[in-house]
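Containing compact mmCIF, C-alpha atoms: upload_9.txt.
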# COMPACT_ATOMS: atom_id res chain seq x y z
CA MET A 753 -108.73 103.14 -47.08
CA ALA A 754 -108.30 106.88 -47.60
CA CYS A 755 -104.66 106.79 -48.66
CA ALA A 756 -105.26 104.01 -51.20
CA SER A 757 -108.10 105.88 -52.85
CA PHE A 758 -105.99 109.00 -53.00
CA THR A 759 -103.17 107.16 -54.72
CA LYS A 760 -105.61 105.73 -57.23
CA LEU A 761 -106.93 109.22 -57.92
CA ASN A 762 -103.48 110.35 -58.96
CA ALA A 763 -102.48 107.22 -60.86
CA SER A 764 -102.44 109.05 -64.22
CA SER A 765 -100.19 111.77 -62.87
CA SER A 766 -98.13 114.08 -65.01
CA GLN A 767 -94.50 114.71 -64.17
CA TRP A 768 -95.08 117.81 -62.06
CA ILE A 769 -98.60 118.30 -60.82
CA GLY A 770 -99.76 114.73 -60.44
CA GLN A 771 -103.06 115.29 -62.25
CA GLN A 772 -104.24 114.73 -65.79
CA SER A 773 -102.62 117.13 -68.22
CA PHE A 774 -104.82 120.01 -69.28
CA ASN A 775 -104.30 118.82 -72.84
CA GLN A 776 -105.49 115.26 -72.24
CA ARG A 777 -109.01 114.48 -73.45
CA PRO A 778 -111.09 111.31 -73.54
CA ALA A 779 -111.24 109.38 -76.79
CA SER A 780 -114.57 110.98 -77.73
CA SER A 781 -113.29 114.52 -77.16
CA SER A 782 -113.51 115.36 -80.87
CA ARG A 783 -117.25 115.87 -80.35
CA LEU A 784 -116.77 118.15 -77.33
CA PRO A 785 -116.11 121.89 -77.42
CA VAL A 786 -112.48 122.87 -76.84
CA ARG A 787 -111.84 124.14 -73.32
CA ARG A 788 -109.69 127.22 -73.15
CA VAL A 789 -107.25 127.48 -70.26
CA SER A 790 -107.28 130.92 -68.64
CA VAL A 791 -104.05 132.89 -68.64
CA VAL A 792 -102.25 132.99 -65.30
CA ARG A 793 -102.37 136.51 -63.85
CA ALA A 794 -100.98 138.18 -60.76
CA GLY A 795 -102.55 141.58 -61.30
CA SER A 796 -100.50 144.76 -61.48
CA TYR A 797 -97.77 143.30 -59.25
CA SER A 798 -96.44 140.65 -61.66
CA GLU A 799 -93.02 142.19 -62.29
CA GLU A 800 -92.55 143.13 -58.64
CA LEU A 801 -93.45 139.61 -57.50
CA VAL A 802 -90.87 138.06 -59.79
CA LYS A 803 -88.23 140.55 -58.65
CA THR A 804 -88.99 139.93 -54.97
CA ALA A 805 -88.87 136.15 -55.39
CA LYS A 806 -85.53 136.36 -57.20
CA THR A 807 -84.10 138.67 -54.54
CA ILE A 808 -84.98 136.18 -51.81
CA ALA A 809 -83.69 133.28 -53.91
CA SER A 810 -80.25 134.84 -54.36
CA PRO A 811 -76.99 132.83 -54.19
CA GLY A 812 -75.67 132.08 -50.73
CA ARG A 813 -78.69 133.50 -48.93
CA GLY A 814 -81.82 132.17 -47.25
CA ILE A 815 -84.65 133.12 -44.91
CA LEU A 816 -84.61 133.77 -41.17
CA ALA A 817 -88.00 132.67 -39.80
CA ILE A 818 -88.94 134.57 -36.63
CA ASP A 819 -92.70 134.42 -37.12
CA GLU A 820 -93.50 132.41 -34.01
CA SER A 821 -96.72 133.40 -32.30
CA ASN A 822 -96.40 135.28 -29.03
CA ALA A 823 -97.15 132.05 -27.17
CA THR A 824 -94.39 130.14 -28.96
CA CYS A 825 -91.94 133.00 -28.64
CA GLY A 826 -92.76 132.85 -24.94
CA LYS A 827 -91.54 129.25 -24.84
CA ARG A 828 -88.26 130.37 -26.40
CA LEU A 829 -87.87 133.09 -23.79
CA ASP A 830 -88.86 130.75 -20.97
CA SER A 831 -86.00 128.43 -21.95
CA ILE A 832 -83.57 131.17 -20.84
CA GLY A 833 -85.60 132.34 -17.85
CA LEU A 834 -87.36 135.37 -19.34
CA ASP A 835 -91.02 136.27 -18.96
CA ASN A 836 -93.19 136.41 -22.07
CA THR A 837 -93.69 140.18 -22.29
CA GLU A 838 -93.77 142.49 -25.30
CA VAL A 839 -90.63 144.22 -24.03
CA ASN A 840 -88.71 140.92 -23.92
CA ARG A 841 -90.04 139.83 -27.32
CA GLN A 842 -88.97 143.19 -28.72
CA ALA A 843 -85.50 142.85 -27.19
CA TYR A 844 -85.00 139.40 -28.66
CA ARG A 845 -86.25 140.27 -32.14
CA GLN A 846 -84.25 143.49 -32.10
CA LEU A 847 -81.13 141.45 -31.35
CA LEU A 848 -81.82 139.26 -34.38
CA LEU A 849 -82.82 141.94 -36.88
CA THR A 850 -80.06 144.43 -36.06
CA THR A 851 -77.21 141.92 -36.36
CA PRO A 852 -74.44 143.63 -38.37
CA GLY A 853 -73.63 141.81 -41.62
CA LEU A 854 -76.75 139.63 -41.51
CA GLY A 855 -77.73 140.60 -45.05
CA GLN A 856 -74.69 138.81 -46.44
CA TYR A 857 -76.34 135.48 -45.58
CA ILE A 858 -80.05 136.29 -45.09
CA SER A 859 -82.27 137.51 -47.93
CA GLY A 860 -85.65 137.51 -46.19
CA ALA A 861 -87.08 137.50 -42.68
CA ILE A 862 -90.56 136.19 -41.83
CA LEU A 863 -92.12 138.29 -39.08
CA PHE A 864 -95.05 137.86 -36.76
CA GLU A 865 -97.60 140.68 -37.02
CA GLU A 866 -96.40 142.25 -33.76
CA THR A 867 -92.87 142.60 -35.15
CA LEU A 868 -94.00 144.08 -38.48
CA TYR A 869 -95.42 147.06 -36.59
CA GLN A 870 -92.68 147.25 -33.95
CA SER A 871 -89.74 149.62 -33.68
CA THR A 872 -86.41 149.18 -31.94
CA THR A 873 -85.75 150.82 -28.59
CA ASP A 874 -84.09 153.63 -30.62
CA GLY A 875 -87.30 154.24 -32.53
CA LYS A 876 -86.30 152.69 -35.86
CA LYS A 877 -88.89 150.46 -37.52
CA MET A 878 -87.90 146.80 -37.56
CA VAL A 879 -88.70 146.62 -41.29
CA ASP A 880 -86.28 149.50 -41.92
CA CYS A 881 -83.53 147.59 -40.09
CA LEU A 882 -84.07 144.77 -42.60
CA ARG A 883 -84.21 146.99 -45.67
CA GLU A 884 -80.90 148.62 -44.79
CA GLN A 885 -79.27 145.19 -45.19
CA ASN A 886 -81.19 144.28 -48.38
CA ILE A 887 -83.29 141.78 -46.42
CA VAL A 888 -86.89 141.49 -47.63
CA PRO A 889 -89.51 141.73 -44.83
CA GLY A 890 -92.14 138.98 -44.83
CA ILE A 891 -95.23 138.27 -42.75
CA LYS A 892 -97.01 135.21 -41.34
CA VAL A 893 -100.64 135.52 -42.47
CA ASP A 894 -102.34 132.28 -41.40
CA LYS A 895 -104.39 132.10 -38.21
CA GLY A 896 -103.18 128.71 -37.02
CA LEU A 897 -104.33 125.11 -37.06
CA VAL A 898 -107.68 123.81 -35.86
CA PRO A 899 -109.21 120.29 -35.91
CA LEU A 900 -110.57 119.19 -39.31
CA PRO A 901 -114.04 117.61 -38.90
CA GLY A 902 -114.49 114.32 -40.75
CA SER A 903 -110.78 113.53 -40.80
CA ASN A 904 -108.46 111.13 -38.94
CA ASN A 905 -107.80 113.57 -36.07
CA GLU A 906 -106.09 115.89 -38.55
CA SER A 907 -105.90 119.68 -38.82
CA TRP A 908 -106.66 122.44 -41.27
CA CYS A 909 -105.28 125.97 -41.40
CA GLN A 910 -107.58 128.95 -40.93
CA GLY A 911 -107.11 132.55 -42.00
CA LEU A 912 -108.67 133.10 -45.45
CA ASP A 913 -111.41 135.34 -44.06
CA GLY A 914 -110.25 138.94 -44.38
CA LEU A 915 -106.91 137.88 -45.87
CA ALA A 916 -107.12 140.28 -48.83
CA SER A 917 -107.56 143.37 -46.65
CA ARG A 918 -104.91 142.19 -44.18
CA SER A 919 -102.46 141.51 -47.02
CA ALA A 920 -102.99 145.00 -48.45
CA GLU A 921 -102.30 146.48 -45.01
CA TYR A 922 -99.17 144.35 -44.56
CA TYR A 923 -97.92 145.50 -47.96
CA SER A 924 -98.40 149.13 -46.90
CA GLN A 925 -96.35 148.38 -43.76
CA GLY A 926 -93.43 147.15 -45.87
CA ALA A 927 -93.98 143.39 -46.15
CA ARG A 928 -93.22 141.95 -49.59
CA PHE A 929 -93.77 138.23 -49.05
CA ALA A 930 -96.07 136.08 -46.96
CA LYS A 931 -96.10 132.71 -45.26
CA TRP A 932 -98.96 130.26 -44.65
CA ARG A 933 -98.14 127.05 -42.80
CA THR A 934 -100.39 124.04 -42.91
CA VAL A 935 -99.42 120.52 -41.86
CA VAL A 936 -99.87 116.94 -42.99
CA SER A 937 -99.51 114.04 -40.53
CA ILE A 938 -98.36 110.65 -41.80
CA PRO A 939 -99.40 108.71 -38.65
CA CYS A 940 -102.93 110.09 -39.14
CA GLY A 941 -103.15 108.84 -42.73
CA PRO A 942 -102.99 111.32 -44.24
CA SER A 943 -106.60 111.29 -45.38
CA ALA A 944 -107.52 112.51 -48.86
CA LEU A 945 -109.71 115.11 -47.16
CA ALA A 946 -106.81 116.57 -45.17
CA VAL A 947 -104.50 116.69 -48.20
CA LYS A 948 -107.12 118.36 -50.36
CA GLU A 949 -107.98 120.89 -47.66
CA ALA A 950 -104.30 121.74 -47.17
CA ALA A 951 -103.71 122.13 -50.92
CA TRP A 952 -106.83 124.20 -51.56
CA GLY A 953 -106.14 126.53 -48.62
CA LEU A 954 -102.57 127.10 -49.78
CA ALA A 955 -103.72 127.84 -53.32
CA ARG A 956 -106.37 130.36 -52.25
CA TYR A 957 -103.89 132.06 -49.93
CA ALA A 958 -101.28 132.20 -52.71
CA ALA A 959 -103.69 133.78 -55.18
CA ILE A 960 -104.85 136.37 -52.65
CA SER A 961 -101.25 137.19 -51.66
CA GLN A 962 -100.14 137.75 -55.25
CA ASP A 963 -103.18 139.93 -55.90
CA ASN A 964 -101.97 142.18 -53.08
CA GLY A 965 -98.27 142.31 -53.98
CA LEU A 966 -96.96 139.65 -51.62
CA VAL A 967 -94.89 136.68 -52.82
CA PRO A 968 -96.53 133.65 -51.17
CA ILE A 969 -94.39 131.03 -49.47
CA VAL A 970 -96.23 127.75 -49.99
CA GLU A 971 -95.69 125.49 -46.99
CA PRO A 972 -97.44 122.17 -46.51
CA GLU A 973 -95.24 120.83 -43.72
CA ILE A 974 -95.12 117.04 -43.59
CA LEU A 975 -94.51 116.49 -39.90
CA LEU A 976 -91.60 114.39 -38.65
CA ASP A 977 -93.89 112.58 -36.20
CA GLY A 978 -94.05 108.81 -36.73
CA ASP A 979 -91.93 105.68 -37.12
CA HIS A 980 -92.34 105.34 -40.91
CA PRO A 981 -89.42 104.77 -43.31
CA ILE A 982 -88.15 107.40 -45.74
CA GLU A 983 -89.94 105.67 -48.63
CA ARG A 984 -93.30 106.39 -46.99
CA THR A 985 -92.39 110.06 -46.54
CA LEU A 986 -91.51 110.26 -50.24
CA GLU A 987 -94.85 108.71 -51.20
CA VAL A 988 -96.82 111.18 -49.09
CA ALA A 989 -94.73 114.17 -50.18
CA GLU A 990 -95.38 113.36 -53.82
CA GLN A 991 -99.12 113.06 -53.14
CA VAL A 992 -99.23 116.35 -51.27
CA TRP A 993 -97.22 118.39 -53.77
CA ALA A 994 -99.19 116.93 -56.69
CA GLU A 995 -102.37 118.20 -55.10
CA VAL A 996 -100.83 121.56 -54.19
CA PHE A 997 -99.66 122.33 -57.72
CA HIS A 998 -102.95 121.17 -59.19
CA TYR A 999 -104.83 123.75 -57.12
CA LEU A 1000 -102.18 126.46 -57.56
CA ALA A 1001 -102.70 126.12 -61.32
CA GLU A 1002 -106.48 126.05 -60.93
CA ASN A 1003 -106.30 129.33 -58.99
CA ASN A 1004 -104.14 130.99 -61.66
CA VAL A 1005 -101.17 131.43 -59.34
CA MET A 1006 -98.07 132.66 -61.17
CA PHE A 1007 -95.34 130.11 -60.43
CA GLU A 1008 -92.53 132.60 -61.11
CA GLY A 1009 -93.84 134.68 -58.20
CA ILE A 1010 -93.96 132.04 -55.44
CA LEU A 1011 -91.49 130.32 -53.15
CA LEU A 1012 -91.83 126.85 -51.63
CA LYS A 1013 -91.08 125.84 -48.05
CA PRO A 1014 -91.17 122.04 -48.04
CA SER A 1015 -90.09 119.54 -45.46
CA MET A 1016 -87.03 117.50 -46.33
CA VAL A 1017 -87.85 113.89 -47.15
CA THR A 1018 -86.63 112.04 -44.06
CA PRO A 1019 -87.70 108.98 -42.08
CA GLY A 1020 -90.15 109.57 -39.23
CA ALA A 1021 -88.54 110.84 -36.05
CA ASP A 1022 -89.16 107.48 -34.30
CA HIS A 1023 -87.94 105.28 -37.15
CA LYS A 1024 -85.29 102.82 -36.04
CA GLU A 1025 -82.79 103.80 -38.75
CA LYS A 1026 -81.37 107.28 -39.31
CA ALA A 1027 -80.81 108.40 -42.89
CA SER A 1028 -77.56 109.98 -44.04
CA PRO A 1029 -77.50 113.49 -45.55
CA GLU A 1030 -76.77 111.90 -48.93
CA THR A 1031 -79.85 109.66 -48.67
CA ILE A 1032 -82.06 112.54 -47.57
CA ALA A 1033 -80.76 114.64 -50.45
CA LYS A 1034 -81.44 111.85 -52.94
CA TYR A 1035 -85.04 111.30 -51.84
CA THR A 1036 -85.80 114.99 -51.44
CA LEU A 1037 -84.46 115.95 -54.86
CA THR A 1038 -86.30 113.01 -56.41
CA MET A 1039 -89.54 114.40 -55.02
CA LEU A 1040 -88.79 117.94 -56.18
CA ASN A 1041 -87.83 116.87 -59.69
CA ARG A 1042 -91.03 114.86 -60.01
CA ARG A 1043 -93.35 117.55 -58.69
CA VAL A 1044 -91.97 121.11 -58.90
CA PRO A 1045 -91.92 123.07 -62.18
CA PRO A 1046 -88.63 124.82 -62.98
CA ALA A 1047 -90.52 128.12 -63.20
CA VAL A 1048 -90.53 128.23 -59.37
CA PRO A 1049 -87.56 130.43 -58.34
CA GLY A 1050 -86.70 128.99 -54.94
CA ILE A 1051 -87.05 126.05 -52.58
CA MET A 1052 -86.56 127.30 -49.01
CA PHE A 1053 -86.51 124.25 -46.73
CA LEU A 1054 -87.88 124.20 -43.20
CA SER A 1055 -85.79 122.49 -40.54
CA GLY A 1056 -88.74 120.80 -38.81
CA GLY A 1057 -87.01 119.94 -35.54
CA GLN A 1058 -83.71 118.68 -36.97
CA SER A 1059 -80.60 119.71 -35.10
CA GLU A 1060 -78.82 122.82 -36.35
CA MET A 1061 -76.05 120.70 -37.85
CA GLU A 1062 -78.40 118.12 -39.41
CA ALA A 1063 -80.38 120.83 -41.20
CA THR A 1064 -77.17 122.36 -42.54
CA LEU A 1065 -75.60 119.05 -43.60
CA ASN A 1066 -78.75 117.99 -45.44
CA LEU A 1067 -78.96 121.31 -47.27
CA HIS A 1068 -75.29 121.03 -48.21
CA ALA A 1069 -75.84 117.52 -49.63
CA MET A 1070 -78.65 118.83 -51.86
CA ASN A 1071 -76.38 121.45 -53.38
CA GLN A 1072 -73.59 119.15 -54.57
CA SER A 1073 -74.85 119.39 -58.16
CA PRO A 1074 -76.86 122.03 -60.03
CA ASN A 1075 -80.61 122.17 -59.39
CA SER A 1076 -83.47 123.64 -61.39
CA TRP A 1077 -84.23 126.04 -58.54
CA HIS A 1078 -82.41 127.97 -55.83
CA VAL A 1079 -82.28 125.35 -53.04
CA SER A 1080 -81.87 127.09 -49.71
CA PHE A 1081 -83.22 127.45 -46.16
CA SER A 1082 -86.01 129.08 -44.20
CA TYR A 1083 -85.04 128.07 -40.68
CA ALA A 1084 -86.38 129.11 -37.30
CA ARG A 1085 -85.09 126.84 -34.53
CA ALA A 1086 -82.07 125.78 -36.63
CA LEU A 1087 -80.91 129.41 -36.70
CA GLN A 1088 -82.11 130.61 -33.30
CA ASN A 1089 -81.23 127.85 -30.84
CA SER A 1090 -77.58 128.86 -30.46
CA VAL A 1091 -78.55 132.53 -30.30
CA LEU A 1092 -80.78 132.06 -27.28
CA LYS A 1093 -78.13 130.09 -25.42
CA ALA A 1094 -75.50 132.74 -26.11
CA TRP A 1095 -77.74 135.71 -25.26
CA LYS A 1096 -79.34 134.31 -22.08
CA GLY A 1097 -81.56 137.39 -21.95
CA GLN A 1098 -78.68 139.57 -20.70
CA PRO A 1099 -77.93 142.98 -22.35
CA GLU A 1100 -74.20 142.37 -22.04
CA ASN A 1101 -74.58 139.22 -24.17
CA ILE A 1102 -76.24 140.86 -27.19
CA GLU A 1103 -73.03 140.81 -29.21
CA ALA A 1104 -72.47 137.14 -28.33
CA GLY A 1105 -76.00 136.32 -29.47
CA GLN A 1106 -75.52 138.15 -32.75
CA LYS A 1107 -72.22 136.37 -33.36
CA ALA A 1108 -74.01 133.05 -32.83
CA LEU A 1109 -76.67 134.04 -35.37
CA LEU A 1110 -74.04 135.06 -37.91
CA ALA A 1111 -72.20 131.77 -37.43
CA ARG A 1112 -75.34 129.71 -38.14
CA ALA A 1113 -76.39 131.96 -41.01
CA LYS A 1114 -72.93 131.69 -42.57
CA ALA A 1115 -72.91 127.90 -42.18
CA ASN A 1116 -76.21 127.63 -44.05
CA SER A 1117 -75.04 130.13 -46.65
CA LEU A 1118 -72.08 127.85 -47.33
CA ALA A 1119 -74.45 124.86 -47.45
CA GLN A 1120 -76.56 126.66 -50.06
CA LEU A 1121 -73.40 127.05 -52.11
CA GLY A 1122 -72.42 123.42 -51.49
CA LYS A 1123 -69.29 124.43 -49.56
CA TYR A 1124 -70.15 123.67 -45.93
CA SER A 1125 -67.95 121.64 -43.58
CA ALA A 1126 -69.14 120.38 -40.18
CA GLU A 1127 -65.63 120.59 -38.77
CA GLY A 1128 -65.59 122.56 -35.53
CA GLU A 1129 -69.35 122.40 -34.90
CA SER A 1130 -70.32 122.50 -31.22
CA GLU A 1131 -72.08 119.69 -29.38
CA ASP A 1132 -75.13 121.94 -28.97
CA ALA A 1133 -75.41 122.26 -32.75
CA LYS A 1134 -75.68 118.46 -32.97
CA LYS A 1135 -78.64 118.19 -30.58
CA GLY A 1136 -82.00 117.46 -32.17
CA MET A 1137 -84.91 119.84 -31.54
CA PHE A 1138 -87.83 117.63 -32.55
CA VAL A 1139 -90.97 118.17 -30.47
CA LYS A 1140 -93.87 115.77 -30.94
CA GLY A 1141 -96.98 117.58 -32.17
CA TYR A 1142 -95.07 120.86 -32.43
CA THR A 1143 -97.14 124.01 -32.96
CA TYR A 1144 -96.19 127.62 -33.75

Write-out of the structure in structure tokens:
Amino acid sequence: MACASFTKLNASSSQWIGQQSFNQRPASSSRLPVRRVSVVRAGSYSEELVKTAKTIASPGRGILAIDESNATCGKRLDSIGLDNTEVNRQAYRQLLLTTPGLGQYISGAILFEETLYQSTTDGKKMVDCLREQNIVPGIKVDKGLVPLPGSNNESWCQGLDGLASRSAEYYSQGARFAKWRTVVSIPCGPSALAVKEAAWGLARYAAISQDNGLVPIVEPEILLDGDHPIERTLEVAEQVWAEVFHYLAENNVMFEGILLKPSMVTPGADHKEKASPETIAKYTLTMLNRRVPPAVPGIMFLSGGQSEMEATLNLHAMNQSPNSWHVSFSYARALQNSVLKAWKGQPENIEAGQKALLARAKANSLAQLGKYSAEGESEDAKKGMFVKGYTY
């Protein structure tokens, strides 16, 4: 069975990367030449990468993810009766990025390529709207998921071809960090092939991003799909992150200049028992402490279809004691759902939409600081947003 062989492969795991230590040698190694480990490099951007990562991983702040493809953004607009046109996408993203006071709670914004090059209706570049509030512009660089031949109906993420030249162009347009999302499905295995492909693709992307001045967000999303218990999610998460850090190290990625965007360790969406925020925090932090080096500046969780309130409560529970990293958020639906309902696509509701965004951003800011209270949350904020087989 694929999963069993994968577990066996990592049986002699080290604390963080789940592979044999670089210093471990077989008993007869005294007769072998000493292997030198190459020094990790990030080119001429090393200092800038560290500074960017630390800026994003700043206290009380997190990431607003608005990098949905045009097709997915169209689904958002359709939910409030708007057509999927560039003008409507511009109006919505302008509402989000020009929200007064947003920089108090948001440190980075992940953009789709269209938005990186867009201006507001007043002619101001969207990236300049972000910079004015000390929000770092980021860019989605992957080209989406496609079927992985030879796997258990699993996917792999494409986009490495031409990534270096695209990354250089994005940097010149003002982007300073990047995002690459690949996924792992527990109901489909996951197969060793799918895990290795996800890890290797993330590592190559991360190395290319750093070489072009972009802090890479490393995101192997473990999908909520399935009826498995939380223990199974933990097992798979540890396998995935072991493989990811093995290949990040092999590709000489500088850990101080990356950010992680993991899934929280939760039961499958169809599991018969819900887990409390305290339980989710316990399992998630266990995984992070076993797999993530303290050199990594920030852990920016994805919401993955949780309700707005669930995502905030779980983040709050993880910040009840000090962590080795900045533990924060990189939410899309869990920040935008209330905004869309308040805006309704009407110009007269722009202020209402922006107030809704600020309210969710502030709630998650407080959760990052471990000071959030769910008192007064609306019924809409409690509604789950899980979509089976969700794609961006």

Proximity check segment 939-984 of chain A to segment 1008-1025 of chain A, 12 Å, nearest pairs one decimal Å, only C-alpha atoms, as a Markdown table:
| residue | atom | partner | partner_atom | distance |
| --- | --- | --- | --- | --- |
| A:Pro939 | CA | A:Gly1020 | CA | 9.3 |
| A:Leu954 | CA | A:Leu1012 | CA | 10.9 |
| A:Ala955 | CA | A:Ile1010 | CA | 10.8 |
| A:Tyr957 | CA | A:Ile1010 | CA | 11.4 |
| A:Ala958 | CA | A:Ile1010 | CA | 7.8 |
| A:Ala959 | CA | A:Ile1010 | CA | 9.9 |
| A:Ser961 | CA | A:Ile1010 | CA | 9.7 |
| A:Gln962 | CA | A:Gly1009 | CA | 7.6 |
| A:Asp963 | CA | A:Gly1009 | CA | 11.0 |
| A:Gly965 | CA | A:Gly1009 | CA | 9.8 |
| A:Leu966 | CA | A:Gly1009 | CA | 8.8 |
| A:Val967 | CA | A:Ile1010 | CA | 5.4 |
| A:Pro968 | CA | A:Ile1010 | CA | 5.2 |
| A:Ile969 | CA | A:Leu1011 | CA | 4.7 |
| A:Val970 | CA | A:Leu1012 | CA | 4.8 |
| A:Glu971 | CA | A:Lys1013 | CA | 4.7 |
| A:Pro972 | CA | A:Pro1014 | CA | 6.5 |
| A:Glu973 | CA | A:Ser1015 | CA | 5.6 |
| A:Ile974 | CA | A:Ser1015 | CA | 5.9 |
| A:Leu975 | CA | A:Ser1015 | CA | 7.7 |
| A:Leu976 | CA | A:Gly1020 | CA | 5.1 |
| A:Asp977 | CA | A:Ala1021 | CA | 5.6 |
| A:Gly978 | CA | A:Gly1020 | CA | 4.7 |
| A:Asp979 | CA | A:His1023 | CA | 4.0 |
| A:His980 | CA | A:Gly1020 | CA | 5.1 |
| A:Pro981 | CA | A:Pro1019 | CA | 4.7 |
| A:Ile982 | CA | A:Pro1019 | CA | 4.0 |
| A:Glu983 | CA | A:Pro1019 | CA | 7.7 |
| A:Arg984 | CA | A:Pro1019 | CA | 7.9 |

Keeping C-alpha atoms, export the residues of the selection given above as a tab-separated table (two decimals), keeping the file's coordinate frame.
chain	number	residue	atom	x	y	z
A	939	PRO	CA	-99.40	108.71	-38.65
A	954	LEU	CA	-102.57	127.10	-49.78
A	955	ALA	CA	-103.72	127.84	-53.32
A	957	TYR	CA	-103.89	132.06	-49.93
A	958	ALA	CA	-101.28	132.20	-52.71
A	959	ALA	CA	-103.69	133.78	-55.18
A	961	SER	CA	-101.25	137.19	-51.66
A	962	GLN	CA	-100.14	137.75	-55.25
A	963	ASP	CA	-103.18	139.93	-55.90
A	965	GLY	CA	-98.27	142.31	-53.98
A	966	LEU	CA	-96.96	139.65	-51.62
A	967	VAL	CA	-94.89	136.68	-52.82
A	968	PRO	CA	-96.53	133.65	-51.17
A	969	ILE	CA	-94.39	131.03	-49.47
A	970	VAL	CA	-96.23	127.75	-49.99
A	971	GLU	CA	-95.69	125.49	-46.99
A	972	PRO	CA	-97.44	122.17	-46.51
A	973	GLU	CA	-95.24	120.83	-43.72
A	974	ILE	CA	-95.12	117.04	-43.59
A	975	LEU	CA	-94.51	116.49	-39.90
A	976	LEU	CA	-91.60	114.39	-38.65
A	977	ASP	CA	-93.89	112.58	-36.20
A	978	GLY	CA	-94.05	108.81	-36.73
A	979	ASP	CA	-91.93	105.68	-37.12
A	980	HIS	CA	-92.34	105.34	-40.91
A	981	PRO	CA	-89.42	104.77	-43.31
A	982	ILE	CA	-88.15	107.40	-45.74
A	983	GLU	CA	-89.94	105.67	-48.63
A	984	ARG	CA	-93.30	106.39	-46.99

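Atom pair atom CA of Asp819 of chain A / atom CA of Gly911 of chain A has a distance of 15.3 Å (rounded to one decimal).
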
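As for atom CA of Ile818 of chain A and atom CA of Glu1030 of chain A, they are spaced 28.5 Å apart.
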
task = Give me, please, the distance in Å between atom CA of Val935 of chain A and atom CA of Cys909 of chain A, quoted to one decimal.
result =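 About the pair atom CA of Val935 of chain A and atom CA of Cys909 of chain A: they are 8.0 Å apart.
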
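Using only C-alpha atoms, the nearest neighbour of Ser831 of chain A within the list A:Gln1098, A:Gln925, A:Ser1125, A:Asn1089 is A:Asn1089.
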
inquiry  = Applying 12 Å and only C-alpha atoms, which residues near Thr1036 of chain A remain after dropping the ones on its own chain fewer than 4 positions away? List them as a ChimeraX atom specification.
reply    = /A:982-983,985-990,1014-1019,1027,1029-1032,1040-1044,1051,1053,1066-1067,1069-1071,1075,1079

key: Exercise: segment 849-853 of chain A partners within 8 Å, all atoms listed in the file, chain neighbours under 4 positions left out, as a PyMOL selection string   = chain A and resi 845+857+878+881-882+885+1106+1109-1110

key: Nearest to Ala927 of chain A, chosen from A:Ile887, A:Ile815, A:Val898, A:Ala944, with all atoms listed in the file counted in the distances   = A:Ile887

Grab all the atoms of segment 958-966 of chain A that the file lists, wrap them in a box along x, y and z, add 6 Å per side, and give me centre plus edge lengths in Å (one decimal) as lines of an AutoDock Vina configuration file.
center_x = -100.9
center_y = 137.3
center_z = -53.8
size_x = 19.9
size_y = 22.1
size_z = 16.3

query = Which one is closest to Ala1047 of chain A: A:Lys827, A:Arg883, A:Lys806, A:Lys931? Count only C-alpha atoms.
reply =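 The answer is A:Lys806, which sits nearest to Ala1047 of chain A.
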
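Proximity to Pro942 of chain A was assessed for A:Asn905, A:Asn1004, A:Ser1076, A:Ser859 counting all atoms listed in the file; the smallest distance is recorded for A:Asn905.
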
ask   = Looking at A:Glu884, A:Ile938, A:Ser943, A:Leu848, which one is nearest to Ala1108 of chain A, with distances taken over all atoms listed in the file?
value = A:Leu848

query = So which one's closest to Ser798 of chain A, A:Ala1086, A:Val1005, A:Val888, A:Ile1102? Using only C-alpha atoms, please.
reply =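 Distance minimum relative to Ser798 of chain A lands on A:Val1005.
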
message = Need the shell around segment 809-814 of chain A: protein/DNA/RNA residues with any atom at most 8 Å away, counting only C-alpha atoms. Skip same-chain ones fewer than 5 positions apart. Format as a ChimeraX atom specification?
response = /A:856-860,1049-1050,1052,1078,1080-1082,1116-1118,1120-1121

inquiry  = Give me, as a VMD selection string, all polymer residues having an atom no more than 10 Å from Tyr869 of chain A, counting all atoms listed in the file and skipping those fewer than 6 positions away in the same chain.
reply    = chain A and resid 863 877 to 879 922 925 to 926

task = Write out as a PyMOL selection string the residues lying within 10 Å of Ala946 of chain A, counting all atoms listed in the file and excluding same-chain residues fewer than 6 positions away.
result = chain A and resi 900-908+935-937+940+952+992
